[in-house]
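Below is input30.tsv, holding TSV, C-alpha atoms.
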chain	number	residue	atom	x	y	z
A	230	MET	CA	19.25	-17.53	24.16
A	231	ILE	CA	20.13	-14.56	22.01
A	232	TYR	CA	20.47	-15.79	18.44
A	233	PRO	CA	21.54	-15.53	15.64
A	234	LEU	CA	25.13	-14.51	16.22
A	235	PRO	CA	27.95	-13.80	13.81
A	236	ALA	CA	30.27	-16.74	13.25
A	237	VAL	CA	33.68	-15.10	13.20
A	238	LEU	CA	37.22	-16.35	12.91
A	239	VAL	CA	39.54	-14.88	15.50
A	240	SER	CA	43.20	-14.88	14.51
A	241	CYS	CA	45.90	-14.54	17.12
A	242	GLY	CA	49.64	-14.84	17.63
A	243	THR	CA	52.13	-13.61	15.04
A	244	MET	CA	52.76	-14.36	11.38
A	245	GLU	CA	55.41	-16.87	12.52
A	246	ARG	CA	53.18	-18.66	15.06
A	247	SER	CA	49.44	-18.07	14.83
A	248	ASN	CA	46.09	-19.75	15.14
A	249	LEU	CA	42.49	-19.36	14.09
A	250	VAL	CA	39.53	-20.06	16.36
A	251	THR	CA	35.84	-19.89	15.51
A	252	VAL	CA	33.89	-17.71	17.93
A	253	ALA	CA	30.18	-16.94	18.18
A	254	TRP	CA	30.34	-15.13	21.54
A	255	THR	CA	31.39	-11.75	20.17
A	256	GLY	CA	30.02	-8.29	19.66
A	257	THR	CA	30.27	-4.52	19.93
A	258	ILE	CA	30.22	-3.06	23.44
A	259	CYS	CA	30.98	0.63	22.87
A	260	THR	CA	30.99	3.15	20.03
A	261	ASN	CA	33.22	5.85	21.47
A	262	PRO	CA	35.83	4.59	22.07
A	263	PRO	CA	35.22	1.69	19.70
A	264	MET	CA	35.30	-1.53	21.72
A	265	CYS	CA	34.28	-5.13	21.25
A	266	TYR	CA	34.65	-8.47	22.97
A	267	ILE	CA	35.16	-12.15	22.40
A	268	SER	CA	34.55	-14.86	24.97
A	269	LEU	CA	36.71	-18.01	24.98
A	270	ARG	CA	37.02	-21.08	27.12
A	271	PRO	CA	40.42	-21.11	28.89
A	272	GLU	CA	41.17	-24.60	27.55
A	273	ARG	CA	41.10	-23.39	23.92
A	274	HIS	CA	44.52	-23.29	22.25
A	275	SER	CA	44.06	-19.65	21.22
A	276	TYR	CA	43.27	-18.54	24.77
A	277	ASP	CA	46.90	-18.50	25.94
A	278	MET	CA	48.09	-16.98	22.66
A	279	ILE	CA	45.69	-14.05	23.10
A	280	LYS	CA	46.47	-13.68	26.79
A	281	GLU	CA	50.21	-13.63	26.06
A	282	ARG	CA	50.12	-10.97	23.33
A	283	MET	CA	46.93	-9.16	24.51
A	284	GLU	CA	45.71	-8.70	20.94
A	285	PHE	CA	43.68	-10.49	18.29
A	286	THR	CA	41.84	-9.88	15.03
A	287	ILE	CA	38.14	-10.55	14.49
A	288	ASN	CA	37.55	-11.67	10.90
A	289	LEU	CA	33.95	-11.68	9.71
A	290	THR	CA	33.04	-14.77	7.71
A	291	THR	CA	30.88	-15.40	4.67
A	292	ALA	CA	28.79	-18.30	3.44
A	293	ASP	CA	31.69	-19.16	1.10
A	294	MET	CA	33.88	-19.53	4.20
A	295	ALA	CA	31.38	-21.73	6.11
A	296	ARG	CA	33.30	-25.00	5.78
A	297	ALA	CA	36.60	-23.42	6.88
A	298	THR	CA	34.85	-21.57	9.71
A	299	ASP	CA	33.27	-24.75	11.03
A	300	TRP	CA	36.50	-26.73	10.63
A	301	CYS	CA	38.47	-24.14	12.63
A	302	GLY	CA	35.89	-24.44	15.41
A	303	VAL	CA	36.00	-28.22	15.79
A	304	ARG	CA	39.73	-28.85	15.36
A	305	SER	CA	42.47	-27.67	17.71
A	306	GLY	CA	45.47	-25.59	16.71
A	307	ARG	CA	47.48	-27.84	19.04
A	308	ASP	CA	47.04	-30.62	16.49
A	309	TYR	CA	46.64	-28.86	13.13
A	310	ASP	CA	47.92	-25.90	11.16
A	311	LYS	CA	44.51	-24.34	10.68
A	312	TRP	CA	45.67	-21.93	7.99
A	313	GLN	CA	46.94	-24.76	5.83
A	314	MET	CA	44.09	-27.17	6.53
A	315	SER	CA	41.31	-24.58	6.04
A	316	GLY	CA	42.81	-23.09	2.88
A	317	LEU	CA	42.59	-19.58	4.34
A	318	THR	CA	45.32	-17.00	3.77
A	319	PRO	CA	47.06	-15.11	6.59
A	320	GLU	CA	47.89	-11.45	5.98
A	321	PRO	CA	50.07	-9.36	8.29
A	322	GLY	CA	48.18	-7.12	10.69
A	323	VAL	CA	48.47	-3.36	10.29
A	324	LYS	CA	48.50	-2.31	13.96
A	325	VAL	CA	48.68	-5.71	15.67
A	326	GLN	CA	50.99	-8.67	15.20
A	327	ALA	CA	48.05	-11.06	14.83
A	328	PRO	CA	47.44	-11.90	11.17
A	329	SER	CA	44.15	-11.22	9.40
A	330	VAL	CA	42.21	-13.62	7.17
A	331	LYS	CA	42.58	-12.37	3.58
A	332	GLU	CA	39.27	-13.94	2.50
A	333	SER	CA	37.32	-12.06	5.20
A	334	PRO	CA	35.27	-9.04	4.09
A	335	LEU	CA	36.11	-7.19	7.32
A	336	ASN	CA	39.07	-7.52	9.70
A	337	ILE	CA	38.88	-5.82	13.10
A	338	GLU	CA	42.24	-5.50	14.86
A	339	CYS	CA	41.87	-5.44	18.65
A	340	ARG	CA	44.02	-4.78	21.71
A	341	VAL	CA	42.84	-6.42	24.94
A	342	LYS	CA	41.96	-3.94	27.67
A	343	GLU	CA	40.59	-6.33	30.28
A	344	ILE	CA	39.90	-10.03	30.80
A	345	VAL	CA	36.81	-10.91	32.83
A	346	SER	CA	36.44	-14.45	34.13
A	347	LEU	CA	32.77	-15.39	33.80
A	348	GLY	CA	32.60	-19.15	34.40
A	349	SER	CA	32.87	-21.45	31.39
A	350	HIS	CA	34.28	-18.56	29.32
A	351	ASP	CA	36.52	-15.56	29.90
A	352	MET	CA	35.58	-12.32	28.16
A	353	PHE	CA	38.37	-10.43	26.40
A	354	ILE	CA	37.25	-6.80	26.32
A	355	ALA	CA	39.22	-4.97	23.66
A	356	ASP	CA	39.78	-1.61	22.03
A	357	VAL	CA	39.31	-1.62	18.26
A	358	ILE	CA	42.52	-0.14	16.91
A	359	ASN	CA	42.16	-0.76	13.18
A	360	VAL	CA	39.56	-1.94	10.68
A	361	ARG	CA	40.24	-3.19	7.16
A	362	ALA	CA	37.43	-3.67	4.65
A	363	ASP	CA	37.27	-5.58	1.37
A	364	GLU	CA	37.65	-2.86	-1.27
A	365	GLY	CA	35.24	-4.78	-3.53
A	366	LEU	CA	32.41	-4.04	-1.08
A	367	ILE	CA	32.93	-0.28	-1.12
A	368	ASP	CA	30.60	1.58	-3.47
A	369	GLY	CA	32.80	3.63	-5.81
A	370	SER	CA	30.33	6.49	-6.17
A	371	THR	CA	29.13	6.88	-2.57
A	372	GLY	CA	32.03	5.40	-0.59
A	373	GLU	CA	29.46	3.36	1.37
A	374	PHE	CA	30.59	0.01	2.71
A	375	ARG	CA	28.09	-2.62	1.49
A	376	LEU	CA	28.72	-5.35	4.07
A	377	GLY	CA	25.23	-6.70	3.36
A	378	ASP	CA	26.49	-7.83	-0.04
A	379	ALA	CA	29.15	-10.08	1.53
A	380	GLY	CA	26.83	-13.02	2.31
A	381	LEU	CA	27.81	-13.01	5.99
A	382	LEU	CA	27.68	-16.21	8.00
A	383	ASN	CA	25.50	-16.44	11.11
A	384	TYR	CA	25.29	-19.13	13.80
A	385	SER	CA	22.15	-20.25	15.62
A	386	HIS	CA	21.78	-23.24	17.92
A	387	GLY	CA	24.43	-25.37	16.20
A	388	HIS	CA	23.54	-24.34	12.64
A	389	TYR	CA	25.07	-21.90	10.16
A	390	TYR	CA	23.00	-19.54	8.02
A	391	ARG	CA	23.69	-17.02	5.27
A	392	GLN	CA	22.56	-13.59	6.45
A	393	GLY	CA	19.27	-12.56	4.86
A	394	SER	CA	18.22	-9.60	2.79
A	395	GLU	CA	17.89	-6.02	3.99
A	396	ILE	CA	14.43	-4.97	5.17
A	397	GLY	CA	15.19	-1.38	6.16
A	398	ARG	CA	17.78	1.12	7.29
A	399	PHE	CA	18.20	2.58	10.75
A	400	GLY	CA	15.38	5.08	11.31
A	401	PHE	CA	13.19	3.82	8.44
A	402	SER	CA	10.22	3.41	10.77
A	403	VAL	CA	10.06	7.14	11.53
A	404	LYS	CA	11.37	8.59	8.27
A	405	LYS	CA	9.08	11.17	6.69
A	406	LYS	CA	7.66	10.17	3.35
A	407	LYS	CA	8.48	12.37	0.37

Rewrite the structure of this file - the entire thing - as structure tokens.
Amino acid sequence: MIYPLPAVLVSCGTMERSNLVTVAWTGTICTNPPMCYISLRPERHSYDMIKERMEFTINLTTADMARATDWCGVRSGRDYDKWQMSGLTPEPGVKVQAPSVKESPLNIECRVKEIVSLGSHDMFIADVINVRADEGLIDGSTGEFRLGDAGLLNYSHGHYYRQGSEIGRFGFSVKKKK
């Protein structure tokens, strides 16, 4: 039970025929080359769309997107146009055909490298081929991406939470005091 997890929206398909699916089983698996994964149940509508095109986009979500994120996780794209019903906006991908969610602070375009059947879920291991960030979260003077200011959405045991405040930066525990 490794919680909390990011609650992300995965978009797949093409601008003409696409879907959104809420995923909590996701994460980074390698830095160089940049790789990540999502795990989906084969019966999910998006599963075949991803398997067919071998690409998808991970869209981080915010507390403001919580209702749409939850809705896209409990309704099927077989029965609903999730873009229309959730009020989210599809944007064309840059290096993949899968659209991105305009309202997302970070879109990670992925190309599937391998599919591993694990049991209830199959893991789509993917190369990260493009990342788009909300320009409003980039500090104009330092160029630093302030993702912590986005109010990211987390999932834990059936509940959604707004990500908390920063308590330190990598290496703060060993940093020499001035």

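In this comparison, which uses only C-alpha atoms, the residue of A:Ala355, A:Ile396, A:Leu366, A:Ile258 approaching A:Glu343 most closely is A:Ala355.
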
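Of the listed residues A:Ile231, A:Ala327, A:Met264, A:Leu249, the one whose atoms come nearest to A:Glu281 is A:Ala327, with distances taken using all atoms listed in the file.
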
Give me, as a PyMOL selection string, all polymer residues having an atom no more than 9 Å from A:Gly322, counting all atoms listed in the file and skipping those fewer than 2 positions away in the same chain.
chain A and resi 243-244+286+320+324-329+338

Just C-alpha atoms for this one: save the residues we selected as a JSON list (two decimals), in the coordinates of the input.
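Saved to selection19.json:
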[["chain", "number", "residue", "atom", "x", "y", "z"],
["A", 243, "THR", "CA", 52.13, -13.61, 15.04],
["A", 244, "MET", "CA", 52.76, -14.36, 11.38],
["A", 286, "THR", "CA", 41.84, -9.88, 15.03],
["A", 320, "GLU", "CA", 47.89, -11.45, 5.98],
["A", 324, "LYS", "CA", 48.50, -2.31, 13.96],
["A", 325, "VAL", "CA", 48.68, -5.71, 15.67],
["A", 326, "GLN", "CA", 50.99, -8.67, 15.20],
["A", 327, "ALA", "CA", 48.05, -11.06, 14.83],
["A", 328, "PRO", "CA", 47.44, -11.90, 11.17],
["A", 329, "SER", "CA", 44.15, -11.22, 9.40],
["A", 338, "GLU", "CA", 42.24, -5.50, 14.86]]

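Atom pair atom CA of A:Arg340 / atom CA of A:Ile267: separated by 11.5 Å.
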
Would you place a box with edges along x, y and z of the file around all atoms of stretch 369-386 of chain A listed there, add 8 Å to each of its six sides, and report the centre and edge lengths in Å to one decimal, as AutoDock Vina command-line options?
--center_x 27.3 --center_y -8.2 --center_z 5.9 --size_x 27.0 --size_y 46.1 --size_z 40.1

Work out how far apart atom CA of A:Cys265 and atom CA of A:Asn288 are and give it in Å to one decimal.
12.7 Å

Among listed residues A:Thr371, A:Ser346, A:Ser305, A:Ser402, nearest A:Pro271 (using all atoms listed in the file)
A:Ser346

Can you pull out every residue within 12 Å of A:Tyr309, counting all atoms listed in the file, but drop anything in the same chain fewer than 4 positions away, and send it as a ChimeraX atom specification?
/A:247-250,274,300-305,313-315

Taking C-alpha atoms for each residue, export the selection above as a compact mmCIF listing (two decimals), in the frame of the given file.
# COMPACT_ATOMS: atom_id res chain seq x y z
CA SER A 247 49.44 -18.07 14.83
CA ASN A 248 46.09 -19.75 15.14
CA LEU A 249 42.49 -19.36 14.09
CA VAL A 250 39.53 -20.06 16.36
CA HIS A 274 44.52 -23.29 22.25
CA TRP A 300 36.50 -26.73 10.63
CA CYS A 301 38.47 -24.14 12.63
CA GLY A 302 35.89 -24.44 15.41
CA VAL A 303 36.00 -28.22 15.79
CA ARG A 304 39.73 -28.85 15.36
CA SER A 305 42.47 -27.67 17.71
CA GLN A 313 46.94 -24.76 5.83
CA MET A 314 44.09 -27.17 6.53
CA SER A 315 41.31 -24.58 6.04

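Between A:Arg282 and the candidates A:Cys241, A:Thr298, A:Thr257, A:Pro263, the tightest atom-to-atom separation, counting only C-alpha atoms, involves A:Cys241.
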
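Of the listed residues A:Trp254, A:Tyr390, A:Tyr266, A:Phe374, the one whose atoms come nearest to A:Asp356 is A:Tyr266, with distances taken using only C-alpha atoms.
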
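From atom CA of A:Ser394 back to atom CA of A:Asp378, the distance works out to 8.9 Å.
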
Find the residues near A:Leu317: any atom within 10 Å, counting only C-alpha atoms, skip ones fewer than 6 places away on the same chain, and give them as a count of residues only.
10

With only C-alpha atoms as the basis for distance, which of A:Ser275, A:Pro321, A:Val357, A:Leu335 is at the shortest distance from A:Pro262?
A:Val357

What lies within 12 Å of A:Glu395 using only C-alpha atoms, ignoring chain neighbours under 3 positions off, as a ChimeraX atom specification?
/A:375-378,380,392,398-399,401
